[in-house]
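Everything below belongs to input_37.cif, which stores mmCIF, C-alpha atoms.
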```cif
data_query
loop_
_atom_site.label_atom_id
_atom_site.label_comp_id
_atom_site.auth_asym_id
_atom_site.auth_seq_id
_atom_site.Cartn_x
_atom_site.Cartn_y
_atom_site.Cartn_z
CA MET A 1 7.72 -30.23 -5.09
CA GLU A 2 8.71 -26.64 -4.42
CA LEU A 3 7.06 -23.98 -6.58
CA SER A 4 9.25 -21.37 -8.23
CA CYS A 5 8.47 -17.66 -7.94
CA LYS A 6 7.72 -17.58 -11.65
CA HIS A 7 5.16 -20.30 -11.23
CA VAL A 8 3.48 -18.33 -8.45
CA TRP A 9 3.38 -15.17 -10.59
CA ALA A 10 1.81 -17.08 -13.44
CA HIS A 11 -1.14 -17.92 -11.18
CA ILE A 12 -1.31 -14.77 -9.14
CA SER A 13 -4.44 -13.43 -10.82
CA GLU A 14 -6.34 -16.68 -10.43
CA TYR A 15 -5.08 -16.96 -6.88
CA ILE A 16 -6.49 -13.51 -6.08
CA ASP A 17 -9.79 -14.58 -7.63
CA GLN A 18 -9.69 -17.77 -5.59
CA SER A 19 -10.10 -19.80 -8.73
CA VAL A 20 -7.00 -22.01 -8.45
CA HIS A 21 -7.67 -25.61 -7.50
CA ALA A 22 -7.08 -26.60 -3.88
CA GLU A 23 -3.79 -28.40 -4.40
CA LEU A 24 -2.15 -25.51 -6.23
CA ARG A 25 -3.58 -23.10 -3.70
CA GLU A 26 -1.82 -24.95 -0.89
CA GLU A 27 1.45 -24.99 -2.79
CA ILE A 28 1.21 -21.26 -3.44
CA GLU A 29 0.46 -20.60 0.21
CA ARG A 30 3.41 -22.71 1.31
CA HIS A 31 5.61 -20.69 -1.02
CA LEU A 32 4.23 -17.38 0.25
CA GLU A 33 5.04 -18.31 3.82
CA HIS A 34 8.76 -18.06 3.17
CA CYS A 35 9.02 -15.88 0.04
CA GLU A 36 9.00 -12.18 0.87
CA ILE A 37 9.15 -11.13 -2.76
CA CYS A 38 6.06 -13.08 -3.80
CA SER A 39 4.21 -11.98 -0.67
CA ALA A 40 4.98 -8.35 -1.47
CA ILE A 41 3.92 -8.82 -5.07
CA LEU A 42 0.65 -10.38 -3.99
CA ASP A 43 -0.05 -7.68 -1.41
CA SER A 44 0.85 -4.86 -3.78
CA THR A 45 -1.33 -6.30 -6.54
CA ARG A 46 -4.32 -6.66 -4.23
CA ASN A 47 -3.80 -3.19 -2.86
CA ILE A 48 -3.65 -1.71 -6.36
CA LEU A 49 -6.91 -3.47 -7.20
CA VAL A 50 -8.61 -2.06 -4.11
CA LEU A 51 -7.36 1.44 -4.88
CA THR A 52 -8.33 1.39 -8.56
CA ALA A 53 -11.80 -0.02 -7.78
CA ASP A 54 -12.49 2.72 -5.25
CA ASN A 55 -15.18 5.07 -6.55
CA ARG A 56 -12.96 8.06 -5.84
CA THR A 57 -10.37 6.90 -8.36
CA PHE A 58 -12.68 6.95 -11.36
CA GLU A 59 -15.17 9.68 -10.74
CA LEU A 60 -18.15 10.26 -12.96
CA PRO A 61 -18.25 13.62 -14.76
CA LEU A 62 -20.05 16.29 -12.78
CA GLY A 63 -23.74 16.29 -13.67
CA TYR A 64 -23.49 12.99 -15.56
CA SER A 65 -26.39 11.37 -13.75
CA GLU A 66 -28.65 14.40 -14.12
CA ARG A 67 -27.98 14.63 -17.86
CA LEU A 68 -28.56 10.90 -18.27
CA HIS A 69 -31.97 11.07 -16.61
CA GLU A 70 -32.82 14.26 -18.48
CA ARG A 71 -32.17 12.50 -21.77
CA LEU A 72 -34.22 9.51 -20.64
CA LYS A 73 -37.02 11.81 -19.58
CA ARG A 74 -37.14 13.30 -23.08
CA GLU A 75 -37.21 9.80 -24.54
CA LEU A 76 -40.03 8.67 -22.24
CA SER A 77 -42.11 11.73 -23.06
CA GLY A 78 -41.78 10.90 -26.74
CA GLU A 79 -39.46 13.80 -27.56
CA GLY A 80 -36.49 11.51 -27.94
CA THR A 81 -34.44 12.21 -31.00
CA ASN A 82 -31.70 10.05 -32.33
CA MET B 83 -16.08 -0.02 -3.39
CA THR B 84 -18.78 -0.16 -5.98
CA ALA B 85 -22.01 -1.99 -5.38
CA GLY B 86 -21.12 -4.29 -8.24
CA THR B 87 -23.37 -5.15 -11.11
CA THR B 88 -25.39 -7.80 -9.38
CA GLY B 89 -28.20 -5.26 -9.17
CA ALA B 90 -28.30 -3.20 -6.02
CA ILE B 91 -32.07 -3.55 -6.06
CA GLY B 92 -32.08 -7.33 -6.37
CA GLU B 93 -32.96 -9.48 -9.33
CA GLY B 94 -36.47 -10.28 -8.15
CA ARG B 95 -37.44 -6.68 -7.76
CA GLU B 96 -35.70 -5.90 -11.00
CA ALA B 97 -37.84 -8.43 -12.85
CA GLN B 98 -40.95 -6.85 -11.30
CA LEU B 99 -39.83 -3.40 -12.37
CA ILE B 100 -39.28 -4.59 -15.92
CA ALA B 101 -42.72 -6.18 -16.04
CA ARG B 102 -44.34 -2.97 -14.79
CA ILE B 103 -42.43 -0.82 -17.28
CA LEU B 104 -43.51 -3.08 -20.12
CA ALA B 105 -47.07 -2.88 -18.84
CA GLY B 106 -46.97 0.89 -19.18
CA GLU B 107 -45.33 2.40 -16.11
CA LYS B 108 -42.48 3.68 -18.20
CA GLU B 109 -41.28 6.24 -15.64
CA LEU B 110 -39.93 3.32 -13.61
CA PHE B 111 -37.19 2.91 -16.17
CA HIS B 112 -35.34 5.67 -14.32
CA ASP B 113 -35.21 3.44 -11.23
CA LEU B 114 -34.28 0.38 -13.23
CA ILE B 115 -31.09 1.88 -14.62
CA ARG B 116 -30.02 3.88 -11.56
CA PRO B 117 -27.80 1.11 -10.10
CA TYR B 118 -25.97 0.83 -13.42
CA GLU B 119 -25.10 4.44 -14.16
CA ARG B 120 -21.51 4.00 -13.08
CA MET B 121 -21.12 0.70 -14.91
CA LEU B 122 -22.45 2.25 -18.13
CA TYR B 123 -20.02 5.13 -17.98
CA LEU B 124 -16.93 3.13 -17.01
CA THR B 125 -17.56 0.50 -19.65
CA ALA B 126 -17.97 3.09 -22.38
CA PHE B 127 -14.94 5.01 -21.11
CA ALA B 128 -12.78 1.87 -21.23
CA ILE B 129 -13.55 1.61 -24.93
CA VAL B 130 -13.77 5.20 -26.21
CA LYS B 131 -11.23 6.68 -23.74
CA ASN B 132 -12.87 10.07 -23.73
CA GLU B 133 -15.25 11.55 -21.16
CA GLY B 134 -17.63 13.26 -23.54
CA ASP B 135 -17.94 10.26 -25.84
CA ALA B 136 -18.32 7.89 -22.90
CA GLU B 137 -21.20 9.96 -21.55
CA GLU B 138 -22.89 10.04 -24.93
CA CYS B 139 -22.54 6.26 -25.26
CA ALA B 140 -24.05 5.77 -21.82
CA GLN B 141 -27.04 7.94 -22.76
CA ASP B 142 -27.50 6.21 -26.10
CA ALA B 143 -27.29 2.83 -24.40
CA VAL B 144 -30.00 3.80 -21.89
CA VAL B 145 -32.30 5.03 -24.64
CA ASN B 146 -31.64 1.91 -26.68
CA ALA B 147 -32.24 -0.35 -23.71
CA TYR B 148 -35.56 1.39 -23.10
CA ARG B 149 -36.66 1.06 -26.71
CA ASN B 150 -35.70 -2.62 -26.79
CA LEU B 151 -36.74 -3.64 -23.30
CA ALA B 152 -39.45 -5.95 -24.65
CA ARG B 153 -36.68 -7.99 -26.26
CA PHE B 154 -34.99 -8.63 -22.94
CA ARG B 155 -35.98 -12.19 -22.21
CA GLY B 156 -34.60 -12.56 -18.75
CA ASP B 157 -32.50 -15.58 -19.65
CA SER B 158 -29.45 -13.46 -18.85
CA LYS B 159 -29.15 -10.88 -16.12
CA PHE B 160 -30.42 -7.41 -16.92
CA SER B 161 -26.97 -6.02 -16.07
CA THR B 162 -25.33 -8.32 -18.64
CA TRP B 163 -27.85 -7.33 -21.28
CA LEU B 164 -27.33 -3.65 -20.51
CA VAL B 165 -23.54 -3.86 -20.57
CA THR B 166 -23.68 -5.59 -23.94
CA ILE B 167 -25.67 -2.65 -25.28
CA VAL B 168 -23.20 -0.07 -24.01
CA VAL B 169 -20.24 -2.08 -25.34
CA ASN B 170 -21.88 -2.04 -28.78
CA GLU B 171 -22.57 1.68 -28.60
CA ALA B 172 -18.99 2.40 -27.63
CA ARG B 173 -17.54 0.15 -30.31
CA GLN B 174 -19.70 1.80 -32.96
CA LYS B 175 -18.53 5.20 -31.85
CA LEU B 176 -14.94 4.06 -31.93
CA ARG B 177 -15.34 2.62 -35.42
CA LYS B 178 -16.78 5.89 -36.68
CA ALA B 179 -13.92 7.83 -35.11
CA LYS B 180 -11.33 5.43 -36.50
CA ARG B 181 -12.79 5.53 -39.97
CA SER B 182 -12.36 9.28 -40.00
CA LYS B 183 -8.87 9.10 -38.60
CA GLU B 184 -7.55 5.96 -40.31
CA GLU B 185 -5.83 5.07 -37.13
CA SER B 186 -3.96 1.81 -36.74
CA LEU B 187 -4.78 -0.50 -33.89
CA ASP B 188 -2.38 -0.23 -31.01
CA GLU B 189 -3.43 -3.52 -29.52
CA PRO B 190 -0.84 -6.20 -28.95
CA LEU B 191 -1.31 -9.48 -30.74
CA GLU B 192 -3.04 -12.02 -28.56
CA GLY B 193 -0.43 -14.69 -29.06
CA GLU B 194 2.45 -12.37 -28.38
CA ASP B 195 4.97 -14.20 -26.32
CA LYS B 196 5.92 -11.33 -24.10
CA GLU B 197 6.70 -12.03 -20.50
CA TYR B 198 4.34 -10.68 -17.93
CA THR B 199 6.35 -10.55 -14.78
CA PRO B 200 5.55 -8.38 -11.79
CA ALA B 201 7.87 -5.82 -10.25
CA PRO B 202 9.84 -7.41 -7.42
CA LEU B 203 9.58 -5.71 -4.05
CA THR B 204 10.33 -6.80 -0.54
CA ASP B 205 9.23 -4.08 1.82
CA TRP B 206 5.80 -3.41 0.43
CA ARG B 207 3.40 -1.44 2.61
CA GLU B 208 -0.28 -1.13 1.86
CA ILE B 209 -1.58 2.25 0.84
CA PRO B 210 -4.54 3.10 3.05
CA SER B 211 -7.62 4.05 1.12
CA GLU B 212 -7.58 7.51 2.76
CA ALA B 213 -4.58 8.21 0.55
CA LEU B 214 -7.05 8.46 -2.32
CA GLU B 215 -7.98 11.89 -1.00
CA ARG B 216 -4.76 12.94 -2.71
CA LYS B 217 -5.51 14.05 -6.23
CA GLU B 218 -2.07 13.06 -7.42
CA LEU B 219 -2.55 9.44 -6.37
CA ARG B 220 -5.93 9.22 -8.13
CA GLU B 221 -4.38 10.64 -11.29
CA THR B 222 -1.52 8.18 -11.17
CA LEU B 223 -3.95 5.26 -10.84
CA ARG B 224 -6.14 6.55 -13.67
CA LYS B 225 -3.20 7.06 -15.95
CA ALA B 226 -1.88 3.56 -15.31
CA VAL B 227 -5.27 2.09 -16.24
CA ALA B 228 -5.58 4.38 -19.26
CA ASP B 229 -2.15 3.29 -20.47
CA LEU B 230 -3.08 -0.39 -20.56
CA PRO B 231 -3.52 -1.77 -24.08
CA ASP B 232 -7.19 -1.44 -25.06
CA ILE B 233 -8.12 -5.11 -24.86
CA TYR B 234 -6.60 -5.43 -21.39
CA ARG B 235 -8.15 -2.23 -20.09
CA GLN B 236 -11.61 -3.33 -21.21
CA VAL B 237 -11.42 -6.64 -19.40
CA PHE B 238 -9.89 -5.00 -16.34
CA THR B 239 -12.67 -2.41 -16.22
CA LEU B 240 -15.46 -4.96 -16.35
CA ARG B 241 -13.86 -7.45 -13.98
CA ASP B 242 -12.08 -5.30 -11.42
CA LEU B 243 -13.80 -1.93 -11.53
CA GLU B 244 -17.33 -3.16 -12.11
CA GLU B 245 -16.91 -6.51 -10.43
CA MET B 246 -18.57 -8.51 -13.15
CA ASN B 247 -17.73 -12.20 -13.15
CA VAL B 248 -15.71 -13.98 -15.83
CA ALA B 249 -18.75 -15.31 -17.70
CA GLU B 250 -20.50 -11.93 -17.76
CA THR B 251 -17.35 -10.17 -18.91
CA ALA B 252 -16.83 -12.75 -21.65
CA ALA B 253 -20.44 -12.36 -22.83
CA ALA B 254 -20.30 -8.57 -22.80
CA LEU B 255 -17.08 -8.37 -24.80
CA GLY B 256 -17.85 -11.29 -27.08
CA VAL B 257 -14.75 -13.32 -26.19
CA ASN B 258 -14.33 -16.65 -24.45
CA GLU B 259 -13.75 -17.01 -20.72
CA ASN B 260 -10.17 -18.10 -21.07
CA ILE B 261 -9.31 -14.93 -22.96
CA VAL B 262 -10.91 -12.93 -20.16
CA LYS B 263 -8.69 -14.67 -17.61
CA VAL B 264 -5.50 -14.24 -19.64
CA ARG B 265 -6.17 -10.56 -20.36
CA LEU B 266 -7.09 -9.87 -16.76
CA HIS B 267 -3.93 -11.53 -15.53
CA ARG B 268 -1.81 -9.44 -17.88
CA ALA B 269 -3.64 -6.24 -17.01
CA ARG B 270 -3.12 -6.80 -13.29
CA ILE B 271 0.56 -7.64 -13.71
CA MET B 272 1.08 -4.57 -15.90
CA LEU B 273 -0.58 -2.37 -13.29
CA GLN B 274 1.49 -3.93 -10.55
CA ARG B 275 4.65 -3.29 -12.57
CA THR B 276 3.76 0.33 -13.23
CA LEU B 277 2.25 1.23 -9.91
CA ALA B 278 3.91 -0.81 -7.21
CA PRO B 279 7.32 0.87 -7.42
CA TYR B 280 5.64 4.27 -7.46
CA LEU B 281 3.25 3.53 -4.62
CA LYS B 282 5.99 1.96 -2.57
CA THR B 283 7.94 5.18 -2.42
CA THR B 284 4.92 7.36 -1.69
CA ALA B 285 3.27 5.08 0.83
CA PRO B 286 3.02 6.39 4.35
CA ALA B 287 4.30 3.86 6.85
CA ARG B 288 1.26 2.06 8.15
CA LYS B 289 0.59 -1.58 8.62
CA GLY B 290 -2.42 -3.78 8.91
CA PHE B 291 -4.62 -1.89 6.49
CA TRP B 292 -6.18 -4.98 5.09
CA GLY B 293 -3.76 -7.81 5.59
CA ARG B 294 -4.38 -11.08 3.86
CA THR B 295 -8.11 -11.00 3.45
CA PRO B 296 -9.18 -12.08 -0.03
CA TRP B 297 -9.64 -9.06 -2.21
CA SER B 298 -12.79 -10.18 -4.04
#
```
Will you turn the file into structure tokens for me?
Amino acid sequence: MELSCKHVWAHISEYIDQSVHAELREEIERHLEHCEICSAILDSTRNILVLTADNRTFELPLGYSERLHERLKRELSGEGTN
Amino acid sequence: MTAGTTGAIGEGREAQLIARILAGEKELFHDLIRPYERMLYLTAFAIVKNEGDAEECAQDAVVNAYRNLARFRGDSKFSTWLVTIVVNEARQKLRKAKRSKEESLDEPLEGEDKEYTPAPLTDWREIPSEALERKELRETLRKAVADLPDIYRQVFTLRDLEEMNVAETAAALGVNENIVKVRLHRARIMLQRTLAPYLKTTAPARKGFWGRTPWS
């Protein structure tokens, strides 16, 4: 049975996570071999995930780490207030 | 990429550190939390959506974790325990803020039968990670994540930015694993819809950046 594009999209997240069962995985891969649209959707989704997960995308505020340890230091020395 | 939340220092060494801290070497708590600084901030930020509040939540969570370390039994991972603490801190802060603002929830209903279909493209080219040197691209990515409905953004942050697994994410947010999967799927599709058309037009022509290797 030939998978529809819609069916592939419905499983795209699980496919990326490699959590679809083997049979479905094969069907999806067969579909991707000839479907440019689904291949582009899959590639673009993966690429977006790589880009958003990059540490440069979400940067920590400047001095965040220092202030965190400073606060912890006060707590450890018994000056912690809350 | 981030080091993930599996504990950059290893679970064995982590357990040793915890034992030594509890036995009195409290200064070691600094080392214990160091691998999780980013996770603490991003998790809080996904909930409170504000830099200052997120930082405060992260600090409060660290102090709380220190004060309650003896209660950590080691039947879950330290990272999972810690993320649960910061989620609670952030939710408390949000509740306080909402109470003062009487704001309505902007979250979609879980059962909403909206279609989550990706944006169709044919000539997609990968954006090389060097492109992130461009401030504009980083801002576009951040905005797209910020614009996700709250419940989707939270799952996305834990799963895809912090690389926690489904079970850990479910435990931290207090939802079941299936909800994590559904929300993650929707979050990813929404990001693809928003970002792919934009990235497609701004992508420099370059192939073979990372091909078909599994993302995870």
- Selection under test: the PyMOL selection byres ((chain B) within 8 of (chain A)); residues as a ChimeraX atom specification: /B:83-84,108-109,112,119-120,123,133,137,140-141,144-145,199-209,211,214-215,220-221,223-224,242-244,263,266-267,270-271,273-274,277-278,293-294,296-298
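Residues captured in this structure file are Met1, Glu2, Leu3, Val8, His11, Glu14, Tyr15, Gln18, Ser19, Val20, His21, Ala22, Glu23, Leu24, Ile28, Glu29, Arg30, His31 and Leu32 of chain A, according to the PyMOL selection byres ((chain A and resi 25-27) around 10).
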Could the residues in this selection be written to a file with C-alpha atoms, as a PDB file, in the frame of the given file?
```pdb
ATOM      1  CA  MET A   1       7.720 -30.230  -5.090  1.00  0.00           C
ATOM      2  CA  GLU A   2       8.710 -26.640  -4.420  1.00  0.00           C
ATOM      3  CA  LEU A   3       7.060 -23.980  -6.580  1.00  0.00           C
ATOM      4  CA  VAL A   8       3.480 -18.330  -8.450  1.00  0.00           C
ATOM      5  CA  HIS A  11      -1.140 -17.920 -11.180  1.00  0.00           C
ATOM      6  CA  GLU A  14      -6.340 -16.680 -10.430  1.00  0.00           C
ATOM      7  CA  TYR A  15      -5.080 -16.960  -6.880  1.00  0.00           C
ATOM      8  CA  GLN A  18      -9.690 -17.770  -5.590  1.00  0.00           C
ATOM      9  CA  SER A  19     -10.100 -19.800  -8.730  1.00  0.00           C
ATOM     10  CA  VAL A  20      -7.000 -22.010  -8.450  1.00  0.00           C
ATOM     11  CA  HIS A  21      -7.670 -25.610  -7.500  1.00  0.00           C
ATOM     12  CA  ALA A  22      -7.080 -26.600  -3.880  1.00  0.00           C
ATOM     13  CA  GLU A  23      -3.790 -28.400  -4.400  1.00  0.00           C
ATOM     14  CA  LEU A  24      -2.150 -25.510  -6.230  1.00  0.00           C
ATOM     15  CA  ILE A  28       1.210 -21.260  -3.440  1.00  0.00           C
ATOM     16  CA  GLU A  29       0.460 -20.600   0.210  1.00  0.00           C
ATOM     17  CA  ARG A  30       3.410 -22.710   1.310  1.00  0.00           C
ATOM     18  CA  HIS A  31       5.610 -20.690  -1.020  1.00  0.00           C
ATOM     19  CA  LEU A  32       4.230 -17.380   0.250  1.00  0.00           C
TER      20      LEU A  32
END
```
- Item | Between CA of Ile91 in chain B and CA of Ala147 in chain B, distance in Å (one decimal) |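 Straight-line distance from CA of Ile91 in chain B to CA of Ala147 in chain B works out to 17.9 Å.
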Decode the PyMOL selection byres ((chain B and resi 238) around 12) for the given file into explicit residues and return them as an mmCIF file with C-alpha atoms, keeping the file's coordinate frame.
```
data_model
loop_
_atom_site.group_PDB
_atom_site.id
_atom_site.type_symbol
_atom_site.label_atom_id
_atom_site.label_comp_id
_atom_site.auth_asym_id
_atom_site.auth_seq_id
_atom_site.Cartn_x
_atom_site.Cartn_y
_atom_site.Cartn_z
ATOM 1 C CA SER A 13 -4.440 -13.430 -10.820
ATOM 2 C CA LEU A 49 -6.910 -3.470 -7.200
ATOM 3 C CA THR A 52 -8.330 1.390 -8.560
ATOM 4 C CA ALA A 53 -11.800 -0.020 -7.780
ATOM 5 C CA LEU B 124 -16.930 3.130 -17.010
ATOM 6 C CA THR B 125 -17.560 0.500 -19.650
ATOM 7 C CA ALA B 128 -12.780 1.870 -21.230
ATOM 8 C CA ILE B 129 -13.550 1.610 -24.930
ATOM 9 C CA ALA B 226 -1.880 3.560 -15.310
ATOM 10 C CA VAL B 227 -5.270 2.090 -16.240
ATOM 11 C CA ALA B 228 -5.580 4.380 -19.260
ATOM 12 C CA LEU B 230 -3.080 -0.390 -20.560
ATOM 13 C CA PRO B 231 -3.520 -1.770 -24.080
ATOM 14 C CA ASP B 232 -7.190 -1.440 -25.060
ATOM 15 C CA ILE B 233 -8.120 -5.110 -24.860
ATOM 16 C CA TYR B 234 -6.600 -5.430 -21.390
ATOM 17 C CA ARG B 235 -8.150 -2.230 -20.090
ATOM 18 C CA GLN B 236 -11.610 -3.330 -21.210
ATOM 19 C CA VAL B 237 -11.420 -6.640 -19.400
ATOM 20 C CA THR B 239 -12.670 -2.410 -16.220
ATOM 21 C CA LEU B 240 -15.460 -4.960 -16.350
ATOM 22 C CA ARG B 241 -13.860 -7.450 -13.980
ATOM 23 C CA ASP B 242 -12.080 -5.300 -11.420
ATOM 24 C CA LEU B 243 -13.800 -1.930 -11.530
ATOM 25 C CA GLU B 244 -17.330 -3.160 -12.110
ATOM 26 C CA GLU B 245 -16.910 -6.510 -10.430
ATOM 27 C CA MET B 246 -18.570 -8.510 -13.150
ATOM 28 C CA ASN B 247 -17.730 -12.200 -13.150
ATOM 29 C CA VAL B 248 -15.710 -13.980 -15.830
ATOM 30 C CA THR B 251 -17.350 -10.170 -18.910
ATOM 31 C CA ALA B 252 -16.830 -12.750 -21.650
ATOM 32 C CA LEU B 255 -17.080 -8.370 -24.800
ATOM 33 C CA ILE B 261 -9.310 -14.930 -22.960
ATOM 34 C CA VAL B 262 -10.910 -12.930 -20.160
ATOM 35 C CA LYS B 263 -8.690 -14.670 -17.610
ATOM 36 C CA VAL B 264 -5.500 -14.240 -19.640
ATOM 37 C CA ARG B 265 -6.170 -10.560 -20.360
ATOM 38 C CA LEU B 266 -7.090 -9.870 -16.760
ATOM 39 C CA HIS B 267 -3.930 -11.530 -15.530
ATOM 40 C CA ARG B 268 -1.810 -9.440 -17.880
ATOM 41 C CA ALA B 269 -3.640 -6.240 -17.010
ATOM 42 C CA ARG B 270 -3.120 -6.800 -13.290
ATOM 43 C CA ILE B 271 0.560 -7.640 -13.710
ATOM 44 C CA MET B 272 1.080 -4.570 -15.900
ATOM 45 C CA LEU B 273 -0.580 -2.370 -13.290
#
```
- CA of Val165 in chain B and CA of Arg149 in chain B are how many Å apart?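 About the pair CA of Val165 in chain B and CA of Arg149 in chain B: they are 15.3 Å apart.
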- Query: How many Å lie between CA of Arg275 in chain B and CA of Phe127 in chain B, rounded to one decimal?
  - Reply: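 Atom-to-atom, CA of Arg275 in chain B to CA of Phe127 in chain B, that is 22.9 Å.
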- List the residues sitting within 8 Å of (-23.3, -13.9, -18.8) in the file's frame, using only C-alpha atoms, as a list in words. Ser158, Lys159, Thr162, Ala249, Glu250, Thr251, Ala252, Ala253 and Ala254 of chain B
- Shell of 12 Å around Leu110 in chain B, only C-alpha atoms, local chain residues under 3 positions omitted, as a PyMOL selection string: (chain A and resi 69+72-73+76) or (chain B and resi 95-107+113-116+148)
